[in-house]
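J.: See data_13.txt below, with compact mmCIF, C-alpha atoms.
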```txt
# COMPACT_ATOMS: atom_id res chain seq x y z
CA MET J 22 18.73 16.64 -11.43
CA ASN J 23 14.93 16.73 -11.19
CA LEU J 24 14.07 19.69 -8.95
CA LEU J 25 11.00 18.16 -7.29
CA GLU J 26 12.85 14.91 -6.71
CA SER J 27 15.73 16.82 -5.12
CA MET J 28 13.25 18.66 -2.90
CA ARG J 29 11.77 15.36 -1.76
CA VAL J 30 15.24 14.03 -0.92
CA TYR J 31 16.08 17.21 1.00
CA VAL J 32 12.87 17.08 3.04
CA LEU J 33 13.55 13.44 3.91
CA ILE J 34 17.15 14.22 4.90
CA VAL J 35 15.82 16.76 7.37
CA ASP J 36 12.96 14.55 8.58
CA LYS J 37 15.08 11.39 8.92
CA GLY J 38 18.14 13.15 10.28
CA SER J 39 20.69 11.76 7.83
CA LEU J 40 21.55 11.22 4.19
CA SER J 41 21.60 7.44 4.57
CA ALA J 42 18.14 7.30 6.19
CA ALA J 43 16.69 9.53 3.46
CA ALA J 44 18.35 7.40 0.78
CA ALA J 45 16.83 4.23 2.27
CA ALA J 46 13.37 5.85 2.36
CA MET J 47 13.71 6.89 -1.32
CA ASP J 48 15.26 3.54 -2.30
CA ILE J 49 18.35 5.24 -3.73
CA SER J 50 22.01 5.16 -2.75
CA ALA J 51 23.46 7.53 -0.17
CA THR J 52 25.74 8.84 -2.93
CA MET J 53 22.71 9.74 -5.07
CA ALA J 54 21.02 11.42 -2.09
CA GLY J 55 24.15 13.51 -1.63
CA LYS J 56 24.09 14.51 -5.30
CA HIS J 57 20.49 15.70 -4.95
CA LEU J 58 21.44 17.84 -1.96
CA ARG J 59 24.50 19.33 -3.68
CA SER J 60 22.41 19.99 -6.80
CA LEU J 61 19.93 22.05 -4.75
CA GLU J 62 22.68 24.01 -3.03
CA ALA J 63 24.42 24.70 -6.35
CA ARG J 64 21.14 25.84 -7.93
CA LEU J 65 20.32 28.13 -5.00
CA GLY J 66 23.84 29.34 -4.37
CA MET J 67 23.18 28.79 -0.68
CA GLN J 68 24.16 26.17 1.89
CA LEU J 69 21.20 24.24 3.24
CA LEU J 70 22.89 21.96 5.79
CA SER J 71 25.89 22.49 7.98
CA ARG J 72 27.43 19.02 8.24
CA THR J 73 30.02 17.62 10.64
CA THR J 74 31.27 14.06 11.08
CA ARG J 75 28.76 13.50 13.87
CA ARG J 76 25.61 15.47 12.96
CA GLN J 77 23.98 17.90 10.59
CA HIS J 78 22.34 21.25 11.28
CA LEU J 79 19.97 23.31 9.16
CA THR J 80 21.31 26.68 8.17
CA PRO J 81 18.88 29.60 8.68
CA PHE J 82 18.20 29.61 4.94
CA GLY J 83 17.96 25.82 4.92
CA GLU J 84 15.28 25.94 7.62
CA ASP J 85 13.17 28.39 5.60
CA TYR J 86 13.75 26.42 2.40
CA TYR J 87 12.69 23.19 4.15
CA ALA J 88 9.31 24.73 5.08
CA ARG J 89 8.81 26.03 1.55
CA CYS J 90 9.72 22.66 0.03
CA LYS J 91 7.18 20.89 2.22
CA GLU J 92 4.45 23.32 1.11
CA ILE J 93 5.39 23.01 -2.57
CA LEU J 94 5.43 19.21 -2.42
CA ARG J 95 2.09 19.21 -0.60
CA LEU J 96 0.53 21.31 -3.35
CA VAL J 97 2.03 19.12 -6.06
CA ASP J 98 0.73 15.95 -4.40
CA GLU J 99 -2.73 17.48 -3.93
CA THR J 100 -2.84 18.58 -7.57
CA ASP J 101 -1.78 15.13 -8.77
CA ALA J 102 -4.44 13.51 -6.59
CA GLN J 103 -7.10 15.92 -7.88
CA ALA J 104 -6.11 15.20 -11.49
CA GLN J 105 -6.31 11.46 -10.90
CA HIS J 106 -9.70 11.86 -9.24
CA GLN J 107 -11.05 13.91 -12.13
CA GLN J 108 -9.91 11.25 -14.58
CA LEU J 109 -12.19 8.85 -12.74
CA ALA J 110 -15.09 11.07 -11.62
CA PRO J 111 -16.39 14.18 -13.43
CA ALA J 112 -15.78 17.34 -11.43
CA GLY J 113 -15.38 21.09 -11.83
CA THR J 114 -17.44 23.73 -13.61
CA LEU J 115 -19.32 22.88 -16.82
CA ARG J 116 -20.30 25.95 -18.87
CA ILE J 117 -23.04 25.28 -21.42
CA SER J 118 -25.42 27.23 -23.65
CA ALA J 119 -28.90 26.25 -24.83
CA PRO J 120 -31.89 27.86 -26.58
CA VAL J 121 -34.31 29.53 -24.16
CA ILE J 122 -37.38 27.32 -24.63
CA PHE J 123 -35.56 23.99 -24.74
CA GLY J 124 -33.32 25.05 -21.89
CA THR J 125 -36.21 26.14 -19.69
CA HIS J 126 -38.64 23.30 -20.34
CA ALA J 127 -36.35 20.33 -21.05
CA LEU J 128 -32.69 20.88 -20.21
CA VAL J 129 -33.05 22.43 -16.75
CA PRO J 130 -35.38 19.65 -15.48
CA ALA J 131 -32.90 17.11 -16.88
CA LEU J 132 -30.01 18.82 -15.09
CA ALA J 133 -31.54 17.79 -11.77
CA GLU J 134 -30.81 14.18 -12.67
CA TYR J 135 -27.38 14.94 -14.13
CA MET J 136 -26.22 16.91 -11.09
CA ALA J 137 -27.51 14.26 -8.71
CA ARG J 138 -25.54 11.67 -10.67
CA TYR J 139 -22.35 13.77 -10.66
CA PRO J 140 -22.30 15.74 -7.38
CA ASP J 141 -18.82 17.16 -7.99
CA VAL J 142 -19.88 18.98 -11.18
CA ARG J 143 -21.01 22.61 -11.02
CA VAL J 144 -23.13 23.76 -14.00
CA GLU J 145 -23.26 27.29 -15.41
CA ALA J 146 -26.00 27.40 -18.06
CA THR J 147 -26.65 30.36 -20.34
CA LEU J 148 -30.04 30.30 -22.06
CA THR J 149 -30.03 32.34 -25.25
CA ASP J 150 -31.41 31.98 -28.77
CA ARG J 151 -28.31 33.44 -30.40
CA VAL J 152 -25.46 31.26 -31.66
CA VAL J 153 -22.67 31.56 -29.11
CA ASP J 154 -18.96 31.35 -29.89
CA LEU J 155 -17.72 28.50 -27.71
CA ALA J 156 -14.06 29.50 -27.78
CA GLU J 157 -14.56 33.24 -27.37
CA GLU J 158 -17.19 32.95 -24.63
CA GLY J 159 -15.73 30.02 -22.73
CA PHE J 160 -18.45 27.40 -23.23
CA GLU J 161 -17.62 23.70 -23.21
CA ALA J 162 -20.79 22.74 -25.09
CA ALA J 163 -23.82 24.34 -26.73
CA LEU J 164 -27.15 22.92 -27.86
CA ARG J 165 -28.24 24.08 -31.30
CA ILE J 166 -31.51 23.68 -33.14
CA GLY J 167 -31.72 23.60 -36.93
CA THR J 168 -29.29 22.78 -39.71
CA LEU J 169 -25.70 23.22 -38.61
CA ALA J 170 -23.28 25.47 -40.43
CA GLY J 171 -20.05 23.77 -41.45
CA SER J 172 -17.12 24.21 -39.07
CA SER J 173 -13.66 22.70 -38.80
CA GLU J 174 -13.43 23.58 -35.11
CA LEU J 175 -16.60 22.03 -33.67
CA ILE J 176 -17.87 18.47 -33.31
CA ALA J 177 -21.62 17.76 -33.20
CA ARG J 178 -23.56 14.93 -31.61
CA ALA J 179 -27.15 14.36 -32.75
CA LEU J 180 -29.99 14.49 -30.22
CA ALA J 181 -33.75 13.97 -30.44
CA PRO J 182 -35.45 16.27 -32.98
CA TYR J 183 -36.87 19.52 -31.69
CA ARG J 184 -40.59 19.06 -32.35
CA LEU J 185 -42.86 21.96 -33.27
CA MET J 186 -46.59 22.57 -33.19
CA MET J 187 -48.79 25.03 -35.09
CA CYS J 188 -51.63 26.36 -32.96
CA ALA J 189 -54.19 29.12 -32.63
CA SER J 190 -56.67 30.11 -29.99
CA PRO J 191 -60.35 29.09 -30.35
CA ALA J 192 -61.24 32.80 -30.43
CA TYR J 193 -58.91 33.49 -33.36
CA LEU J 194 -60.25 30.52 -35.33
CA ALA J 195 -63.83 31.61 -34.63
CA ARG J 196 -63.10 35.05 -36.10
CA HIS J 197 -60.93 34.06 -39.05
CA GLY J 198 -61.81 30.43 -39.76
CA THR J 199 -59.67 27.33 -39.55
CA PRO J 200 -57.20 26.85 -42.45
CA ASP J 201 -57.72 23.44 -44.04
CA THR J 202 -54.61 23.46 -46.26
CA LEU J 203 -51.09 24.78 -45.78
CA PRO J 204 -51.38 27.31 -48.65
CA ALA J 205 -54.42 28.76 -46.86
CA LEU J 206 -52.09 30.06 -44.16
CA ALA J 207 -51.15 32.86 -46.55
CA SER J 208 -54.42 34.60 -45.68
CA HIS J 209 -53.91 34.30 -41.91
CA GLN J 210 -51.91 36.18 -39.32
CA CYS J 211 -48.91 33.95 -38.61
CA LEU J 212 -46.78 34.62 -35.55
CA SER J 213 -43.10 33.70 -35.55
CA PHE J 214 -39.58 34.92 -34.93
CA GLU J 215 -39.43 35.77 -38.63
CA PRO J 216 -41.40 34.69 -41.73
CA SER J 217 -38.54 32.57 -43.07
CA ALA J 218 -38.64 30.29 -40.02
CA LEU J 219 -42.30 29.49 -40.65
CA ALA J 220 -41.77 29.05 -44.37
CA GLN J 221 -38.86 26.63 -43.88
CA TRP J 222 -40.97 24.45 -41.59
CA LEU J 223 -43.82 24.36 -44.08
CA GLN J 224 -41.72 23.62 -47.16
CA ALA J 225 -40.84 20.19 -45.80
CA GLY J 226 -44.30 18.85 -46.61
CA ALA J 227 -45.94 21.45 -48.77
CA GLY J 228 -43.49 21.89 -51.61
CA GLU J 229 -43.31 25.37 -53.05
CA LEU J 230 -45.90 27.72 -51.56
CA ASP J 231 -47.35 30.45 -53.75
CA HIS J 232 -47.30 32.91 -50.86
CA ALA J 233 -45.06 32.59 -47.83
CA PRO J 234 -47.01 32.86 -44.58
CA ASP J 235 -46.61 36.23 -42.91
CA GLY J 236 -48.18 38.33 -40.20
CA ARG J 237 -48.25 41.78 -38.71
CA LEU J 238 -46.59 40.70 -35.46
CA GLN J 239 -43.09 39.27 -35.06
CA ILE J 240 -41.54 38.66 -31.64
CA ASN J 241 -38.08 37.29 -30.89
CA ASN J 242 -39.19 35.32 -27.84
CA GLY J 243 -41.07 32.02 -27.73
CA GLU J 244 -42.96 32.71 -24.49
CA ALA J 245 -44.13 36.04 -25.88
CA LEU J 246 -45.31 34.34 -29.11
CA ARG J 247 -47.27 31.85 -27.02
CA SER J 248 -48.89 34.74 -25.13
CA ALA J 249 -49.77 36.43 -28.42
CA ALA J 250 -51.46 33.26 -29.66
CA LEU J 251 -53.38 32.83 -26.40
CA HIS J 252 -54.68 36.39 -26.84
CA GLY J 253 -55.96 35.62 -30.33
CA LEU J 254 -53.36 37.58 -32.30
CA GLY J 255 -52.66 34.81 -34.80
CA ILE J 256 -51.37 31.33 -35.57
CA VAL J 257 -48.16 30.39 -33.78
CA LEU J 258 -45.45 27.87 -34.65
CA GLN J 259 -43.48 26.97 -31.56
CA SER J 260 -41.99 24.08 -29.63
CA THR J 261 -44.25 21.25 -28.49
CA LEU J 262 -42.57 21.71 -25.10
CA LEU J 263 -44.10 25.19 -24.91
CA LEU J 264 -47.56 24.63 -26.40
CA ALA J 265 -48.63 21.06 -25.56
CA ALA J 266 -50.12 21.95 -22.16
CA ASP J 267 -52.23 24.72 -23.72
CA VAL J 268 -53.53 22.30 -26.37
CA ASP J 269 -54.38 19.72 -23.72
CA ALA J 270 -56.23 22.37 -21.69
CA GLY J 271 -58.15 23.67 -24.72
CA ARG J 272 -56.56 27.10 -24.61
CA LEU J 273 -55.04 26.47 -28.05
CA VAL J 274 -56.07 24.28 -30.97
CA GLN J 275 -53.39 22.37 -32.87
CA LEU J 276 -53.44 22.81 -36.65
CA PHE J 277 -52.09 20.27 -39.16
CA PRO J 278 -50.96 17.76 -36.51
CA GLU J 279 -49.76 15.42 -39.25
CA HIS J 280 -47.27 17.96 -40.61
CA GLY J 281 -43.67 18.38 -39.44
CA GLN J 282 -43.61 15.38 -37.13
CA ALA J 283 -39.91 14.88 -37.74
CA GLY J 284 -39.21 18.24 -36.12
CA ARG J 285 -36.04 20.26 -36.56
CA PRO J 286 -32.61 18.68 -36.06
CA MET J 287 -30.98 19.28 -32.70
CA HIS J 288 -27.32 18.75 -31.80
CA VAL J 289 -24.93 19.41 -28.98
CA VAL J 290 -21.66 20.88 -30.26
CA TYR J 291 -18.25 21.15 -28.60
CA ALA J 292 -14.67 21.96 -29.54
CA HIS J 293 -12.74 18.96 -30.88
CA ASP J 294 -9.94 19.47 -28.32
CA ARG J 295 -12.24 19.40 -25.26
CA TYR J 296 -13.57 15.84 -25.41
CA ARG J 297 -10.80 14.56 -23.14
CA SER J 298 -12.57 16.17 -20.17
CA THR J 299 -14.47 13.54 -18.19
CA ARG J 300 -16.86 16.31 -17.19
CA LEU J 301 -17.75 17.07 -20.80
CA ARG J 302 -17.89 13.39 -21.79
CA SER J 303 -20.31 12.68 -18.95
CA PHE J 304 -22.57 15.53 -20.07
CA LEU J 305 -22.57 14.50 -23.73
CA ASP J 306 -23.38 10.90 -22.86
CA PHE J 307 -26.15 12.06 -20.50
CA LEU J 308 -27.77 14.22 -23.20
CA VAL J 309 -27.83 11.32 -25.68
CA GLU J 310 -29.31 9.09 -22.98
CA ARG J 311 -31.97 11.63 -21.97
CA PHE J 312 -32.73 12.97 -25.49
CA PRO J 313 -31.90 10.02 -27.77
CA PRO J 314 -31.68 10.67 -31.52
CA LEU J 315 -33.94 8.92 -33.99
CA PRO J 316 -32.88 5.34 -34.84
CA THR J 317 -32.04 6.47 -38.37
CA THR J 318 -29.65 9.13 -37.04
CA PHE J 319 -26.03 8.20 -36.54
CA ALA J 320 -25.12 8.51 -32.88
CA THR J 321 -21.44 9.11 -33.61
CA ASP J 322 -19.91 12.58 -33.46
CA ILE J 323 -19.55 14.54 -36.69
CA ARG J 324 -17.95 17.81 -37.71
CA ALA J 325 -20.46 20.60 -37.04
```
So that I can check it, write out the structure of this file as structure tokens.
T.:
Amino acid sequence: MNLLESMRVYVLIVDKGSLSAAAAAMDISATMAGKHLRSLEARLGMQLLSRTTRRQHLTPFGEDYYARCKEILRLVDETDAQAQHQQLAPAGTLRISAPVIFGTHALVPALAEYMARYPDVRVEATLTDRVVDLAEEGFEAALRIGTLAGSSELIARALAPYRLMMCASPAYLARHGTPDTLPALASHQCLSFEPSALAQWLQAGAGELDHAPDGRLQINNGEALRSAALHGLGIVLQSTLLLAADVDAGRLVQLFPEHGQAGRPMHVVYAHDRYRSTRLRSFLDFLVERFPPLPTTFATDIRA
């Protein structure tokens, strides 16, 4: 016999005062109600009801078991209701990871709209420029910038490209001159996370460069690179999100505005077995809506 079903029958027998009344409430026969009761007693090895021809009485154990059954059934019903609700409305905690600059200047402002739209979702966002391990670190989704490494465990959804700008301060350009060609950058101080990042961005439109751009200062933080550029330490390549306001205010001068307009690819990745979560689906759909990919980019999910 189904244990939960037998518990429900037992609770109704006590509430209704008889087997026949409980059977009618459950739309089963009195014989079947009796089988449920005997099944419980056999499983427990204890008598639950003391029955006479006229009335029934709860045994001391039966009284305690009745209270426990009611609590168990209440929890089961609440859990079922919560599961049904979550199938309809996103709820619970969403753990995500994003790069620092994009997370600070684009994702967090967008989260205000997402969380207003889905008030039952709690968001835990970790902003880091390292590649997180979703499974090991418990993230449901992560935003990644650049070419994705192949994986059989992750699915990727394309988002709008991550656009970059190359800029320098007016003071730096006054001292060192303004480069008029990409190869001329080889004679300038170029600020970046690492020289390879700058070289990869330039190769897209410059072909093979004789000398990869380099500089005396490397910093592993975008805000710090921006500060270095503002203080005249060199030419910086960073996100448009980070530098556009400085260009508009004249604090920085954009170089080669026609280059690299496509930006770097950006995706949101997630484990292939997590898409059934309405919470995750709502977040993925929101990201595509808020940061739509280029028309030439397939919007369907792909293996990361």
J.: In Å, how far is it from atom CA of Pro111 of chain J to atom CA of Phe307 of chain J?
T.: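 Computing it gives 12.2 Å between the two atoms.
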J.: Considering all atoms listed in the file, return as a PyMOL selection string whatever protein or nucleic-acid residues lie within 12 Å of segment 79-89 of chain J, sequence-local ones (same chain, fewer than 2 positions apart) excluded.
T.: chain J and resi 27-36+38-39+58+61-62+65-73+76-77+91-96
J.: Ranking J:Ala127, J:Leu132, J:Ile256, J:Met22 by minimum distance to Thr199 of chain J and counting all atoms listed in the file, which one comes first?
T.: J:Ile256
J.: In Å, with one decimal, what is the gap from atom CA of Ser213 of chain J to atom CA of Arg178 of chain J?
T.: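 The value is 27.4 Å.
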J.: What lies within 9 Å of Gly271 of chain J using only C-alpha atoms, ignoring chain neighbours under 3 positions off, as a PyMOL selection string?
T.: chain J and resi 190-191+266-268+274
J.: With all atoms listed in the file as the basis for distance, which of J:Leu273, J:Val142, J:Leu24, J:Ala54 is at the shortest distance from Cys90 of chain J?
T.: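 Closest to Cys90 of chain J, using all atoms listed in the file: J:Leu24.
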J.: Taking (-41.4, 35.8, -35.9) in the file's coordinates as the center, which residues reach within 12 Å of it, counting all atoms listed in the file, put as a PyMOL selection string?
T.: chain J and resi 210-220+234-247+249+255-259
J.: Atoms to include: C-alpha atoms. Write the selected residues as a PDB file, in the frame of the given file.
T.:
```
ATOM      1  CA  GLN J 210     -51.910  36.180 -39.320  1.00  0.00           C
ATOM      2  CA  CYS J 211     -48.910  33.950 -38.610  1.00  0.00           C
ATOM      3  CA  LEU J 212     -46.780  34.620 -35.550  1.00  0.00           C
ATOM      4  CA  SER J 213     -43.100  33.700 -35.550  1.00  0.00           C
ATOM      5  CA  PHE J 214     -39.580  34.920 -34.930  1.00  0.00           C
ATOM      6  CA  GLU J 215     -39.430  35.770 -38.630  1.00  0.00           C
ATOM      7  CA  PRO J 216     -41.400  34.690 -41.730  1.00  0.00           C
ATOM      8  CA  SER J 217     -38.540  32.570 -43.070  1.00  0.00           C
ATOM      9  CA  ALA J 218     -38.640  30.290 -40.020  1.00  0.00           C
ATOM     10  CA  LEU J 219     -42.300  29.490 -40.650  1.00  0.00           C
ATOM     11  CA  ALA J 220     -41.770  29.050 -44.370  1.00  0.00           C
ATOM     12  CA  PRO J 234     -47.010  32.860 -44.580  1.00  0.00           C
ATOM     13  CA  ASP J 235     -46.610  36.230 -42.910  1.00  0.00           C
ATOM     14  CA  GLY J 236     -48.180  38.330 -40.200  1.00  0.00           C
ATOM     15  CA  ARG J 237     -48.250  41.780 -38.710  1.00  0.00           C
ATOM     16  CA  LEU J 238     -46.590  40.700 -35.460  1.00  0.00           C
ATOM     17  CA  GLN J 239     -43.090  39.270 -35.060  1.00  0.00           C
ATOM     18  CA  ILE J 240     -41.540  38.660 -31.640  1.00  0.00           C
ATOM     19  CA  ASN J 241     -38.080  37.290 -30.890  1.00  0.00           C
ATOM     20  CA  ASN J 242     -39.190  35.320 -27.840  1.00  0.00           C
ATOM     21  CA  GLY J 243     -41.070  32.020 -27.730  1.00  0.00           C
ATOM     22  CA  GLU J 244     -42.960  32.710 -24.490  1.00  0.00           C
ATOM     23  CA  ALA J 245     -44.130  36.040 -25.880  1.00  0.00           C
ATOM     24  CA  LEU J 246     -45.310  34.340 -29.110  1.00  0.00           C
ATOM     25  CA  ARG J 247     -47.270  31.850 -27.020  1.00  0.00           C
ATOM     26  CA  ALA J 249     -49.770  36.430 -28.420  1.00  0.00           C
ATOM     27  CA  GLY J 255     -52.660  34.810 -34.800  1.00  0.00           C
ATOM     28  CA  ILE J 256     -51.370  31.330 -35.570  1.00  0.00           C
ATOM     29  CA  VAL J 257     -48.160  30.390 -33.780  1.00  0.00           C
ATOM     30  CA  LEU J 258     -45.450  27.870 -34.650  1.00  0.00           C
ATOM     31  CA  GLN J 259     -43.480  26.970 -31.560  1.00  0.00           C
TER      32      GLN J 259
END
```
J.: Which value, in Å to one decimal, gives the distance between atom CA of Ala43 of chain J and atom CA of Gly55 of chain J?
T.: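 Distance between the two atoms: 9.9 Å.
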J.: Looking at all atoms listed in the file, which of J:Ala104, J:Ala162, J:Leu276, J:Ala265 is the one that sits closest to Leu203 of chain J?
T.: J:Leu276
J.: Using all atoms listed in the file for the distances, tell me which of J:Ser260, J:Thr125, J:Ser60, J:Thr147 is nearest to Ala163 of chain J.
T.: J:Thr147
J.: Between J:Ala131, J:Leu315, J:Ala250, J:Leu164, which one has atoms that come closest to Ile176 of chain J, using all atoms listed in the file?
T.: J:Leu164
J.: If we draw a sphere of 9 Å around (-17.9, 18.2, -18.9), which residues have at least one atom in it when counting only C-alpha atoms? Please report them as a PyMOL selection string.
T.: chain J and resi 111-116+142+161-162+295-296+298-305
J.: Might you pull out every residue within 7 Å of Phe312 of chain J, with all atoms listed in the file counted and same-chain residues fewer than 2 positions away left off, and present them as a list in words?
T.: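 Using all atoms listed in the file, the neighbours found are Leu180, Ala181, Leu308, Val309, Glu310 and Pro314 of chain J.
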